[in-house]
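The file run35.cif contains mmCIF, C-alpha atoms:
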data_model
#
loop_
_atom_site.label_atom_id
_atom_site.label_comp_id
_atom_site.auth_asym_id
_atom_site.auth_seq_id
_atom_site.Cartn_x
_atom_site.Cartn_y
_atom_site.Cartn_z
CA MET D 1357 -40.44 5.98 -26.26
CA GLU D 1358 -43.07 8.17 -24.66
CA ASN D 1359 -42.06 11.77 -24.75
CA VAL D 1360 -42.08 12.92 -21.16
CA LEU D 1361 -41.48 16.54 -21.95
CA MET D 1362 -44.39 16.69 -24.32
CA SER D 1363 -46.56 15.12 -21.66
CA ILE D 1364 -45.55 17.80 -19.18
CA LEU D 1365 -45.84 20.61 -21.65
CA ARG D 1366 -49.18 19.33 -22.89
CA ALA D 1367 -50.47 19.41 -19.33
CA SER D 1368 -49.71 23.10 -19.22
CA GLY D 1369 -51.13 23.75 -22.65
CA ILE D 1370 -47.75 24.39 -24.17
CA ILE D 1371 -47.89 23.58 -27.79
CA ASN D 1372 -46.14 22.27 -30.83
CA ILE D 1373 -46.93 22.85 -34.43
CA MET D 1374 -47.78 20.03 -36.81
CA ASN D 1375 -44.99 19.53 -39.28
CA GLN D 1376 -43.45 16.81 -41.43
CA GLU D 1377 -41.33 15.62 -38.52
CA VAL D 1378 -44.41 15.18 -36.33
CA LEU D 1379 -46.15 13.26 -39.09
CA GLU D 1380 -43.13 10.98 -39.49
CA ASN D 1381 -43.33 10.22 -35.78
CA ILE D 1382 -47.00 9.34 -36.12
CA LYS D 1383 -46.22 7.07 -39.07
CA GLN D 1384 -43.64 5.32 -36.91
CA LEU D 1385 -46.23 4.94 -34.15
CA TYR D 1386 -48.69 3.55 -36.68
CA ASN D 1387 -46.15 1.00 -37.94
CA ASN D 1388 -45.46 -0.16 -34.37
CA PHE D 1389 -49.20 -0.39 -33.77
CA ILE D 1390 -49.68 -2.57 -36.86
CA LYS D 1391 -46.80 -4.86 -35.86
CA LYS D 1392 -48.38 -5.42 -32.44
CA THR D 1393 -51.90 -5.93 -33.74
CA TYR D 1394 -50.57 -8.30 -36.44
CA LEU D 1395 -49.48 -10.73 -33.72
CA ILE D 1396 -52.84 -10.44 -31.94
CA LYS D 1397 -54.80 -10.94 -35.13
CA ASP D 1398 -52.60 -13.84 -36.18
CA ARG D 1399 -53.24 -15.63 -32.87
CA LEU D 1400 -57.00 -15.03 -33.07
CA LEU D 1401 -57.09 -16.37 -36.62
CA LYS D 1402 -55.29 -19.54 -35.47
CA ILE D 1403 -57.86 -20.04 -32.71
CA LYS D 1404 -60.65 -19.53 -35.22
CA LYS D 1405 -59.04 -22.03 -37.58
CA ASP D 1406 -58.88 -24.63 -34.79
CA ILE D 1407 -62.55 -24.06 -34.00
CA ILE D 1408 -63.52 -24.47 -37.65
CA LYS D 1409 -61.47 -27.65 -37.83
CA ARG D 1410 -63.24 -29.04 -34.77
CA LYS D 1411 -66.60 -28.08 -36.22
CA GLU D 1412 -65.77 -29.98 -39.39
CA GLU D 1413 -64.63 -32.99 -37.40
CA MET D 1414 -67.82 -32.91 -35.38
CA GLN D 1415 -69.90 -32.79 -38.53
CA ILE D 1416 -67.95 -35.69 -40.02
CA ASN D 1417 -68.42 -37.70 -36.83
CA GLU D 1418 -72.15 -36.93 -36.82
CA ILE D 1419 -72.42 -38.16 -40.39
CA LYS D 1420 -70.40 -41.28 -39.50
CA ASP D 1421 -72.71 -41.97 -36.55
CA LYS D 1422 -75.72 -41.64 -38.77
CA ILE D 1423 -74.19 -43.98 -41.31
CA ASP D 1424 -73.39 -46.48 -38.54
CA GLN D 1425 -76.96 -46.28 -37.31
CA LEU D 1426 -78.18 -47.12 -40.77
CA MET L 1093 -54.35 -15.58 -42.00
CA ILE L 1094 -52.27 -12.49 -42.48
CA ASN L 1095 -49.26 -13.13 -44.64
CA ASN L 1096 -45.98 -11.31 -44.68
CA GLU L 1097 -46.85 -9.38 -47.81
CA GLU L 1098 -49.94 -8.02 -46.12
CA LEU L 1099 -47.85 -7.00 -43.14
CA GLN L 1100 -45.38 -5.33 -45.45
CA SER L 1101 -48.14 -3.41 -47.17
CA ASN L 1102 -49.60 -2.45 -43.80
CA GLU L 1103 -46.27 -1.13 -42.68
CA SER L 1104 -46.39 1.57 -45.26
CA GLY L 1105 -49.66 2.74 -43.71
CA PRO L 1106 -52.93 3.61 -45.38
CA SER L 1107 -53.00 5.24 -48.76
CA LEU L 1108 -51.89 8.79 -48.26
CA GLU L 1109 -52.04 11.66 -50.60
CA GLY L 1110 -48.37 12.13 -51.23
CA GLU L 1111 -45.90 14.13 -49.23
CA GLY L 1112 -47.90 17.34 -49.13
CA SER L 1113 -46.28 19.70 -46.73
CA SER L 1114 -49.12 22.08 -45.83
CA PRO L 1115 -50.19 21.74 -42.19
CA GLU L 1116 -53.72 20.98 -43.37
CA GLN L 1117 -52.45 18.14 -45.55
CA LEU L 1118 -50.25 16.79 -42.77
CA ASP L 1119 -53.21 16.82 -40.43
CA LYS L 1120 -55.29 14.90 -42.98
CA GLU L 1121 -52.55 12.29 -43.28
CA ALA L 1122 -52.36 11.91 -39.51
CA SER L 1123 -56.15 11.50 -39.35
CA ALA L 1124 -56.00 8.84 -42.10
CA LEU L 1125 -53.50 6.85 -40.04
CA ASN L 1126 -55.73 7.17 -37.00
CA ARG L 1127 -58.79 5.94 -38.91
CA SER L 1128 -56.84 3.00 -40.28
CA ALA L 1129 -55.74 2.05 -36.76
CA GLU L 1130 -59.38 2.31 -35.67
CA ARG L 1131 -60.48 -0.07 -38.45
CA GLU L 1132 -57.76 -2.56 -37.59
CA THR L 1133 -58.81 -2.57 -33.93
CA ARG L 1134 -62.45 -3.02 -34.85
CA GLU L 1135 -61.57 -6.02 -37.03
CA ILE L 1136 -59.70 -7.66 -34.16
CA MET L 1137 -62.53 -6.95 -31.74
CA ASN L 1138 -65.00 -8.56 -34.16
CA LEU L 1139 -62.82 -11.62 -34.49
CA ALA L 1140 -62.44 -11.96 -30.73
CA SER L 1141 -66.17 -11.50 -30.28
CA GLU L 1142 -66.91 -14.27 -32.80
CA ILE L 1143 -64.69 -16.68 -30.86
CA GLN L 1144 -66.14 -15.70 -27.50
CA HIS L 1145 -69.68 -16.31 -28.72
CA ASP L 1146 -68.97 -19.44 -30.75
CA PRO L 1147 -70.68 -22.47 -29.11
CA ILE L 1148 -67.84 -24.72 -30.28
CA SER L 1149 -65.01 -22.71 -28.72
CA ASN L 1150 -63.80 -24.01 -25.37
CA TYR L 1151 -63.23 -22.07 -22.15
CA GLU L 1152 -59.49 -21.52 -22.77
CA GLU L 1153 -60.13 -20.19 -26.26
CA LYS L 1154 -62.82 -17.83 -25.03
CA GLN L 1155 -60.52 -16.55 -22.31
CA GLU L 1156 -57.62 -16.11 -24.70
CA ALA L 1157 -59.84 -14.26 -27.17
CA LYS L 1158 -60.98 -12.00 -24.36
CA LEU L 1159 -57.41 -11.27 -23.31
CA LEU L 1160 -56.28 -10.63 -26.88
CA SER L 1161 -59.23 -8.31 -27.38
CA GLN L 1162 -58.24 -6.36 -24.27
CA LYS L 1163 -54.64 -6.27 -25.47
CA ALA L 1164 -55.77 -4.84 -28.80
CA GLY L 1165 -57.74 -2.19 -26.92
CA ILE L 1166 -54.69 -1.26 -24.88
CA THR L 1167 -52.52 -1.12 -28.00
CA ARG L 1168 -55.06 1.18 -29.63
CA ARG L 1169 -55.26 3.46 -26.60
CA ASP L 1170 -51.48 3.50 -26.42
CA PHE L 1171 -51.36 4.63 -30.05
CA ILE L 1172 -53.87 7.41 -29.37
CA LYS L 1173 -52.06 8.57 -26.25
CA LYS L 1174 -48.67 8.70 -27.94
CA ALA L 1175 -50.10 10.35 -31.04
CA ALA L 1176 -51.79 12.89 -28.78
CA LEU L 1177 -48.48 13.58 -27.12
CA ILE L 1178 -46.80 14.47 -30.36
CA THR L 1179 -49.71 16.11 -32.14
CA GLY L 1180 -51.67 17.52 -29.22
CA ALA L 1181 -51.78 20.95 -30.68
CA ALA L 1182 -51.52 20.10 -34.33
CA MET L 1183 -54.93 21.68 -34.56
CA LEU L 1184 -53.01 24.87 -34.50
CA ALA L 1185 -51.73 23.87 -37.90
CA THR L 1186 -54.82 25.30 -39.56
CA PRO L 1187 -54.51 26.66 -43.07
CA ASN L 1188 -53.80 30.03 -41.54
CA ILE L 1189 -50.70 28.80 -39.87
CA GLY L 1190 -47.52 28.14 -41.72
CA ARG L 1191 -44.49 29.88 -42.98
CA ALA L 1192 -45.02 33.24 -44.63
CA LYS L 1193 -45.77 32.58 -48.26
CA LYS L 1194 -43.64 33.91 -51.05
CA ASN L 1195 -46.80 34.91 -52.90
CA ASP L 1196 -47.55 37.31 -50.12
CA ALA L 1197 -44.43 39.26 -50.85
CA LYS L 1198 -44.78 42.31 -53.01
CA GLY L 1199 -41.74 41.34 -55.00
CA GLU L 1200 -40.03 38.08 -55.76
CA GLY L 1201 -36.93 36.44 -54.44
CA GLU L 1202 -35.61 35.40 -51.09
CA GLY L 1203 -34.95 38.92 -49.86
CA GLN L 1204 -38.59 39.94 -50.08
CA THR L 1205 -39.79 36.75 -48.38
CA GLU L 1206 -37.44 37.46 -45.53
CA ASN L 1207 -38.86 40.97 -45.25
CA VAL L 1208 -42.40 39.59 -45.09
CA GLU L 1209 -41.36 37.25 -42.27
CA LEU L 1210 -39.65 40.03 -40.40
CA SER L 1211 -42.69 42.19 -40.81
CA LEU L 1212 -44.90 39.40 -39.52
CA VAL L 1213 -42.65 38.94 -36.50
CA GLU L 1214 -42.93 42.64 -35.78
CA GLN L 1215 -46.72 42.57 -36.15
CA ASN L 1216 -47.04 39.56 -33.88
CA ARG L 1217 -44.64 40.99 -31.35
CA LYS L 1218 -46.95 44.02 -31.00
CA LEU L 1219 -49.72 41.72 -29.80
CA LEU L 1220 -47.76 40.70 -26.72
CA ILE L 1221 -48.78 42.38 -23.46
CA GLU L 1222 -47.39 42.40 -19.95
CA GLY L 1223 -46.53 38.91 -18.76
CA GLU L 1224 -45.97 37.66 -22.32
CA HIS L 1225 -42.49 37.14 -23.69
CA GLU L 1226 -40.45 35.56 -26.42
CA ALA L 1227 -37.30 33.50 -26.08
CA PRO L 1228 -34.76 32.28 -28.63
CA ARG L 1229 -35.06 28.80 -30.09
CA GLU L 1230 -31.78 27.72 -28.51
CA VAL L 1231 -33.10 28.66 -25.07
CA PHE L 1232 -36.21 26.57 -25.60
CA ARG L 1233 -34.08 23.68 -26.81
CA CYS L 1234 -31.93 24.09 -23.71
CA LEU L 1235 -35.05 23.99 -21.48
CA ALA L 1236 -36.30 20.88 -23.26
CA GLU L 1237 -32.96 19.09 -22.94
CA VAL L 1238 -32.80 19.85 -19.24
CA ILE L 1239 -36.29 18.83 -18.16
CA SER L 1240 -36.56 15.91 -20.57
CA PRO L 1241 -33.36 14.63 -22.21
CA ASP L 1242 -35.43 12.23 -24.36
CA ASN L 1243 -37.34 15.06 -25.95
CA ILE L 1244 -37.38 14.91 -29.72
CA LEU L 1245 -39.33 18.07 -30.49
CA GLU L 1246 -38.64 21.71 -29.94
CA PRO L 1247 -41.30 23.31 -27.73
CA SER L 1248 -43.09 26.25 -29.27
CA GLY L 1249 -43.85 27.82 -25.94
CA GLY L 1250 -47.05 28.65 -24.15
CA TYR L 1251 -48.41 29.36 -20.71
CA PHE L 1252 -46.15 28.10 -17.93
CA ASN L 1253 -48.47 27.37 -15.05
CA ARG L 1254 -45.60 26.21 -12.83
CA ASP L 1255 -41.84 25.95 -12.64
CA TYR L 1256 -40.67 23.02 -14.71
CA ILE L 1257 -37.05 23.30 -13.62
CA ASP L 1258 -37.92 21.95 -10.22
CA THR L 1259 -34.82 20.16 -9.00
CA LYS L 1260 -31.38 21.47 -8.07
CA ASP L 1261 -29.78 19.22 -10.66
CA GLU L 1262 -32.01 20.66 -13.40
CA GLU L 1263 -31.26 24.17 -12.24
CA LYS L 1264 -27.53 23.48 -12.35
CA GLU L 1265 -27.78 21.83 -15.75
CA PHE L 1266 -29.83 24.72 -17.16
CA LYS L 1267 -27.25 27.28 -16.02
CA LYS L 1268 -24.40 25.17 -17.34
CA ARG L 1269 -25.97 24.78 -20.77
CA MET L 1270 -26.95 28.46 -20.96
CA LYS L 1271 -23.37 29.43 -20.16
CA LYS L 1272 -22.17 27.14 -22.91
CA LEU L 1273 -24.54 28.92 -25.29
CA GLY L 1274 -22.89 32.21 -24.35
CA TYR L 1275 -25.50 33.69 -22.01
CA ASN L 1276 -24.23 35.57 -18.96
CA ASP L 1277 -25.63 35.13 -15.45
CA VAL L 1278 -28.07 38.05 -15.73
CA GLU L 1279 -29.52 36.81 -19.02
CA THR L 1280 -29.76 33.25 -17.74
CA GLN L 1281 -31.55 34.44 -14.62
CA ARG L 1282 -34.01 36.41 -16.75
CA TYR L 1283 -35.00 33.33 -18.76
CA ARG L 1284 -34.98 31.25 -15.59
CA GLU L 1285 -37.61 33.60 -14.14
CA LEU L 1286 -39.67 33.50 -17.32
CA PHE L 1287 -39.88 29.73 -17.10
CA SER L 1288 -40.65 29.71 -13.40
CA GLY L 1289 -44.43 29.93 -13.80
CA GLY L 1290 -47.15 32.49 -14.42
CA SER L 1291 -45.84 33.79 -17.75
CA ILE L 1292 -46.65 33.10 -21.35
CA VAL L 1293 -43.41 32.54 -23.25
CA PHE L 1294 -43.20 31.84 -26.95
CA ASN L 1295 -40.39 30.36 -28.96
CA GLU L 1296 -39.22 33.11 -31.31
CA LYS L 1297 -39.89 30.86 -34.31
CA ILE L 1298 -43.63 30.95 -33.67
CA LEU L 1299 -43.71 34.74 -33.86
CA GLY L 1300 -42.86 34.35 -37.53
CA GLU L 1301 -45.97 32.29 -38.17
CA ASP L 1302 -49.14 33.57 -39.76
CA GLY L 1303 -52.07 32.87 -37.43
CA PHE L 1304 -50.01 33.57 -34.33
CA GLU L 1305 -52.96 35.40 -32.80
CA ASN L 1306 -54.87 32.12 -32.53
CA VAL L 1307 -51.97 30.59 -30.66
CA LEU L 1308 -51.80 33.64 -28.44
CA ALA L 1309 -55.55 33.50 -27.73
CA HIS L 1310 -55.25 29.79 -26.86
CA GLU L 1311 -52.49 30.44 -24.33
CA ARG L 1312 -54.19 33.50 -22.87
CA MET L 1313 -57.28 31.39 -22.28
CA HIS L 1314 -55.16 28.93 -20.29
CA LYS L 1315 -53.83 31.74 -18.19
CA GLU L 1316 -57.25 33.33 -17.67
CA LEU L 1317 -58.73 29.99 -16.64
CA ASP L 1318 -55.89 29.42 -14.23
CA ASN L 1319 -56.44 32.81 -12.60
CA LEU L 1320 -60.22 32.57 -12.17
CA PRO L 1321 -61.70 32.53 -8.65
CA GLU L 1322 -62.38 29.00 -7.39
CA ASP L 1323 -66.18 29.31 -7.63
CA LYS L 1324 -66.01 30.23 -11.32
CA LYS L 1325 -63.50 27.48 -11.99
CA ARG L 1326 -65.91 25.05 -10.38
CA VAL L 1327 -68.81 26.19 -12.60
CA LEU L 1328 -66.70 25.79 -15.74
CA ASN L 1329 -65.23 22.45 -14.69
CA GLU L 1330 -68.64 20.98 -13.89
CA ALA L 1331 -69.95 21.85 -17.36
CA ARG L 1332 -66.77 20.60 -19.02
CA ASP L 1333 -66.77 17.32 -17.09
CA PHE L 1334 -70.40 16.72 -17.95
CA ILE L 1335 -69.72 17.22 -21.65
CA LEU L 1336 -66.60 15.08 -21.62
CA ASN L 1337 -67.89 12.28 -19.42
CA ASP L 1338 -71.66 12.11 -19.46
CA TYR L 1339 -73.09 13.69 -22.55
CA ARG L 1340 -73.94 11.33 -25.34
CA THR L 1341 -76.12 10.87 -28.34
CA ARG L 1342 -77.11 7.35 -29.11
CA GLU L 1343 -76.31 7.71 -32.78
CA THR L 1344 -72.74 8.85 -32.43
CA GLU L 1345 -72.23 6.51 -29.52
CA LEU L 1346 -73.15 3.52 -31.63
CA ASN L 1347 -71.12 4.71 -34.58
CA ASN L 1348 -67.94 4.91 -32.60
CA ILE L 1349 -67.93 1.73 -30.60
CA THR L 1350 -65.20 -0.87 -30.47
CA ASP L 1351 -66.53 -3.07 -27.69
CA PRO L 1352 -67.66 -6.49 -29.00
CA TYR L 1353 -71.01 -6.40 -27.18
CA LEU L 1354 -71.87 -2.95 -28.45
CA MET L 1355 -70.74 -3.81 -31.96
CA GLU L 1356 -72.99 -6.84 -31.93
CA VAL L 1357 -75.92 -4.72 -30.79
CA ARG L 1358 -75.21 -2.11 -33.43
CA ASP L 1359 -74.88 -4.69 -36.20
CA LYS L 1360 -78.22 -6.26 -35.24
CA GLY L 1361 -79.81 -2.82 -35.10
CA GLU L 1362 -81.00 -3.43 -31.56
CA GLU L 1363 -81.16 -1.15 -28.53
CA PRO L 1364 -78.25 -1.82 -26.19
CA ASP L 1365 -79.10 -3.17 -22.78
CA TYR L 1366 -77.78 -0.41 -20.56
CA ARG L 1367 -77.84 -2.75 -17.57
CA VAL L 1368 -75.32 -4.98 -19.31
CA PHE L 1369 -72.71 -2.47 -20.23
CA GLY L 1370 -73.22 0.16 -17.50
CA LYS L 1371 -69.62 0.73 -16.44
CA MET L 1372 -68.27 -0.22 -19.83
CA LYS L 1373 -70.44 2.46 -21.43
CA ASP L 1374 -69.09 5.07 -19.05
CA GLU L 1375 -65.54 4.08 -19.84
CA PHE L 1376 -66.30 4.19 -23.53
CA LEU L 1377 -67.85 7.62 -23.37
CA LYS L 1378 -64.95 8.97 -21.38
CA LYS L 1379 -62.67 7.93 -24.17
CA ASN L 1380 -64.78 9.04 -27.09
CA SER L 1381 -66.95 11.98 -26.03
CA PRO L 1382 -69.04 11.95 -29.22
CA ILE L 1383 -70.32 15.49 -28.85
CA LEU L 1384 -66.82 16.71 -29.56
CA LEU L 1385 -66.86 15.11 -32.99
CA ASN L 1386 -67.77 17.08 -36.05
CA GLU L 1387 -71.12 16.44 -37.73
CA ASP L 1388 -69.64 13.87 -40.09
CA GLY L 1389 -68.33 11.89 -37.13
CA ASP L 1390 -64.78 12.65 -38.15
CA MET L 1391 -62.23 13.97 -35.73
CA GLY L 1392 -61.96 17.17 -37.72
CA SER L 1393 -58.55 18.62 -37.12
CA GLY L 1394 -57.97 15.44 -35.16
CA ALA L 1395 -55.49 16.42 -32.59
CA ALA L 1396 -57.93 18.74 -30.78
CA LEU L 1397 -60.05 15.78 -29.70
CA MET L 1398 -57.01 13.74 -28.80
CA ALA L 1399 -55.54 16.59 -26.78
CA ILE L 1400 -58.80 17.07 -24.87
CA THR L 1401 -59.11 13.37 -24.22
CA ARG L 1402 -55.59 13.45 -22.90
CA ASN L 1403 -56.00 16.64 -20.91
CA PRO L 1404 -59.44 18.14 -20.11
CA ARG L 1405 -57.80 21.52 -19.45
CA GLU L 1406 -57.60 21.87 -23.21
CA PHE L 1407 -61.39 21.82 -23.54
CA TYR L 1408 -62.22 25.55 -23.36
CA THR L 1409 -59.08 26.58 -25.23
CA TYR L 1410 -59.96 24.44 -28.23
CA LEU L 1411 -63.63 25.33 -27.97
CA MET L 1412 -62.87 29.05 -28.22
CA MET L 1413 -60.87 28.44 -31.37
CA GLY L 1414 -63.82 26.74 -33.08
CA GLU L 1415 -62.04 23.40 -33.20
CA LEU L 1416 -64.99 21.46 -31.79
CA SER L 1417 -68.44 20.85 -33.19
CA PRO L 1418 -70.63 24.00 -32.94
CA ARG L 1419 -73.05 21.81 -30.96
CA VAL L 1420 -70.73 21.99 -27.98
CA GLU L 1421 -71.01 25.76 -27.60
CA GLU L 1422 -74.78 25.60 -28.22
CA PHE L 1423 -75.16 22.89 -25.60
CA LEU L 1424 -73.08 24.86 -23.11
CA LYS L 1425 -75.27 27.91 -23.70
CA SER L 1426 -78.57 26.06 -23.24
CA ASP L 1427 -77.71 23.64 -20.45
CA PHE L 1428 -74.94 25.41 -18.53
CA PRO L 1429 -75.76 29.12 -18.94
CA ASP L 1430 -73.59 30.17 -15.99
CA ALA L 1431 -70.56 28.38 -17.41
CA TYR L 1432 -71.33 29.78 -20.85
CA GLU L 1433 -71.40 33.35 -19.50
CA ILE L 1434 -67.97 32.94 -17.94
CA TYR L 1435 -66.56 31.22 -20.99
CA ILE L 1436 -67.96 33.65 -23.55
CA GLY L 1437 -66.81 36.60 -21.42
CA LEU L 1438 -63.26 35.27 -21.43
CA LYS L 1439 -63.35 34.43 -25.12
CA ASN L 1440 -64.70 37.81 -26.21
CA GLY L 1441 -62.33 39.62 -23.88
CA ILE L 1442 -59.30 37.81 -25.23
CA TYR L 1443 -60.14 38.34 -28.89
CA GLN L 1444 -61.11 41.97 -28.23
CA GLN L 1445 -57.78 42.55 -26.51
CA ILE L 1446 -55.98 41.16 -29.55
CA GLU L 1447 -58.02 43.35 -31.91
CA ASN L 1448 -57.21 46.40 -29.80
CA SER L 1449 -53.50 45.61 -29.91
CA LYS L 1450 -53.68 45.33 -33.69
CA LYS L 1451 -55.22 48.78 -33.95
CA GLU L 1452 -52.58 50.43 -31.78
#
The structure given in the file should be rewritten as structure tokens.
Amino acid sequence: MENVLMSILRASGIINIMNQEVLENIKQLYNNFIKKTYLIKDRLLKIKKDIIKRKEEMQINEIKDKIDQL
Amino acid sequence: MINNEELQSNESGPSLEGEGSSPEQLDKEASALNRSAERETREIMNLASEIQHDPISNYEEKQEAKLLSQKAGITRRDFIKKAALITGAAMLATPNIGRAKKNDAKGEGEGQTENVELSLVEQNRKLLIEGEHEAPREVFRCLAEVISPDNILEPSGGYFNRDYIDTKDEEKEFKKRMKKLGYNDVETQRYRELFSGGSIVFNEKILGEDGFENVLAHERMHKELDNLPEDKKRVLNEARDFILNDYRTRETELNNITDPYLMEVRDKGEEPDYRVFGKMKDEFLKKNSPILLNEDGDMGSGAALMAITRNPREFYTYLMMGELSPRVEEFLKSDFPDAYEIYIGLKNGIYQQIENSKKE
């Protein structure tokens, strides 16, 4: 959850000191980031796999055509 | 394909150097997480770019890759924004800042450490001038709970440029909570006035920190900037906006890109076609402002850059503390001499004032 207070206080230059608690929050943010990007990456890899499969099929068909022509 | 084990290992984050508790170490760990997120985003962007430029991929696949690439960009920006929100001033966690060290005590044992902290509080308290105050931790917690119930951190204080208790309900809630804490009406009113704008108020806990004078200087700069005449503000803002939005060096620009087109250009070692990415380039530079980076291209203390990206008003305050590349001050001096004169006058004045207070 975005911290509204920090947003307001940041706008006025009000500050917080880096501590273990802050770092833990960043780690949590990082883990959420990785979970989201995992899904994106997974989907892109599936698309890429489909493309590679099609490429292979096309190559096979080309070879078949050549064989037929012979 | 990413498997579950890889996800599991990712969840623990990049390799960190243990649970070091010094602010410097914590800052390093936060920067490591940020760099890892950057790498992950770049990998996704590369993948999406490959699909978009593959002659075999169909229209739907290209479109989906484009959308996923944009989604990854948004996720990355969201990470930066949220990290900036919780670490915005972690740059203040320089090696000079931290709890008073036991080694500093003349003797050993808890009693002496306490004395050192008390002494530090007294020293720091002497630096405060008219319009600068301290308030107990519980009062700051009360303020935070009232203006943002979701708040997870305790504010350390700073310059209040306006009244944050700005609704009747918040006012009522603040008084109610203060009463519960045992403050009478007069005391509550006093703190209410302190938080109503124009003052610098620090959480008492920060007065016990070594390096408090840097924090004080930072907040005084905010106040000074806020009180400048409009024409001087304009001069400073123009220089700042140029540096944040328009300045660039090709080298750093190309080293920090995430856009597929720019990555492709960089990888081929070609000159980018500025006609192609015109607006995109501007957007990119707004987000990255390479001049702010240290010479090694790293974010340095990290949060300074993130805080400035989030809020340009932090630019001169972080600059005065030496948190940005020295090139920034040099550039300001050579290309915006009027702005530099105002800035350096404020900076020198603030630090001189602190030195004078120390001598008193």
Using all atoms listed in the file, what residues lie at most 10 Å away from (-46.7, -1.4, -35.2) (file coordinates), given as a CSV table (one decimal) with C-alpha atoms, in the frame of the given file?
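Okay, part_26.csv is ready:
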chain,number,residue,atom,x,y,z
D,1383,LYS,CA,-46.2,7.1,-39.1
D,1384,GLN,CA,-43.6,5.3,-36.9
D,1385,LEU,CA,-46.2,4.9,-34.2
D,1386,TYR,CA,-48.7,3.6,-36.7
D,1387,ASN,CA,-46.2,1.0,-37.9
D,1388,ASN,CA,-45.5,-0.2,-34.4
D,1389,PHE,CA,-49.2,-0.4,-33.8
D,1390,ILE,CA,-49.7,-2.6,-36.9
D,1391,LYS,CA,-46.8,-4.9,-35.9
D,1392,LYS,CA,-48.4,-5.4,-32.4
D,1393,THR,CA,-51.9,-5.9,-33.7
D,1394,TYR,CA,-50.6,-8.3,-36.4
D,1395,LEU,CA,-49.5,-10.7,-33.7
L,1099,LEU,CA,-47.8,-7.0,-43.1
L,1102,ASN,CA,-49.6,-2.4,-43.8
L,1103,GLU,CA,-46.3,-1.1,-42.7
L,1105,GLY,CA,-49.7,2.7,-43.7
L,1129,ALA,CA,-55.7,2.0,-36.8
L,1167,THR,CA,-52.5,-1.1,-28.0
L,1171,PHE,CA,-51.4,4.6,-30.0
Legend entry - Between CA of Asn1448 (chain L) and CA of Glu1433 (chain L) - distance in Å to one decimal: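 CA of Asn1448 (chain L) lies 21.9 Å from CA of Glu1433 (chain L).
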Inset, instruction - Quote the spacing between CA of Lys1163 (chain L) and CA of Leu1125 (chain L) in Å to one decimal place. - result: 19.6 Å
Apply the PyMOL selection byres ((chain L and resi 1149) around 10) to the structure shown and report the selected residues as a PDB file with C-alpha atoms, in the coordinates of the input.
ATOM      1  CA  ILE D1403     -57.860 -20.040 -32.710  1.00  0.00           C
ATOM      2  CA  LYS D1404     -60.650 -19.530 -35.220  1.00  0.00           C
ATOM      3  CA  ASP D1406     -58.880 -24.630 -34.790  1.00  0.00           C
ATOM      4  CA  ILE D1407     -62.550 -24.060 -34.000  1.00  0.00           C
ATOM      5  CA  ILE D1408     -63.520 -24.470 -37.650  1.00  0.00           C
ATOM      6  CA  ARG D1410     -63.240 -29.040 -34.770  1.00  0.00           C
ATOM      7  CA  LYS D1411     -66.600 -28.080 -36.220  1.00  0.00           C
TER       8      LYS D1411
ATOM      9  CA  GLU L1142     -66.910 -14.270 -32.800  1.00  0.00           C
ATOM     10  CA  ILE L1143     -64.690 -16.680 -30.860  1.00  0.00           C
ATOM     11  CA  GLN L1144     -66.140 -15.700 -27.500  1.00  0.00           C
ATOM     12  CA  HIS L1145     -69.680 -16.310 -28.720  1.00  0.00           C
ATOM     13  CA  ASP L1146     -68.970 -19.440 -30.750  1.00  0.00           C
ATOM     14  CA  PRO L1147     -70.680 -22.470 -29.110  1.00  0.00           C
ATOM     15  CA  ILE L1148     -67.840 -24.720 -30.280  1.00  0.00           C
ATOM     16  CA  ASN L1150     -63.800 -24.010 -25.370  1.00  0.00           C
ATOM     17  CA  TYR L1151     -63.230 -22.070 -22.150  1.00  0.00           C
ATOM     18  CA  GLU L1152     -59.490 -21.520 -22.770  1.00  0.00           C
ATOM     19  CA  GLU L1153     -60.130 -20.190 -26.260  1.00  0.00           C
ATOM     20  CA  LYS L1154     -62.820 -17.830 -25.030  1.00  0.00           C
ATOM     21  CA  GLN L1155     -60.520 -16.550 -22.310  1.00  0.00           C
TER      22      GLN L1155
END
Starting from 8 Å padding per side, set up an axis-aligned box that covers all listed atoms of region 1377-1386 of chain D and hand over centre and edge lengths in Å, one decimal, as lines of an AutoDock Vina configuration file.
center_x = -45.0
center_y = 9.6
center_z = -36.8
size_x = 23.4
size_y = 28.1
size_z = 21.3
Inset, instruction - Determine, counting all atoms listed in the file, which protein, DNA and RNA residues have an atom within 12 Å of an atom of Leu1320 (chain L); residues of the same chain fewer than 6 positions away are not included. Present the result as a list in words. - result: Met1313, His1314, Arg1326, Val1327, Leu1328, Asn1329, Ile1434, Tyr1435 and Leu1438 of chain L
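With only C-alpha atoms as the basis for measurement, L:Ser1240 is the residue among L:Asn1319, L:Thr1259, L:Ser1240, L:Gln1215 that approaches chain D most closely.
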Legend entry - Two-atom distance - CA of Ile1172 (chain L), CA of Arg1332 (chain L) (Å):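 Straight-line distance from CA of Ile1172 (chain L) to CA of Arg1332 (chain L) works out to 21.2 Å.
What the PyMOL selection byres ((chain L and resi 1218) around 12) grabs from this file is L:Ser1211, L:Leu1212, L:Val1213, L:Glu1214, L:Gln1215, L:Asn1216, L:Arg1217, L:Leu1219, L:Leu1220, L:Ile1221, L:Glu1222, L:Glu1224, L:His1225, L:Glu1226, L:Leu1299, L:Phe1304, L:Glu1305, L:Leu1308, L:Gln1445, L:Ile1446, L:Glu1447, L:Asn1448, L:Ser1449, L:Lys1450, L:Lys1451, L:Glu1452.
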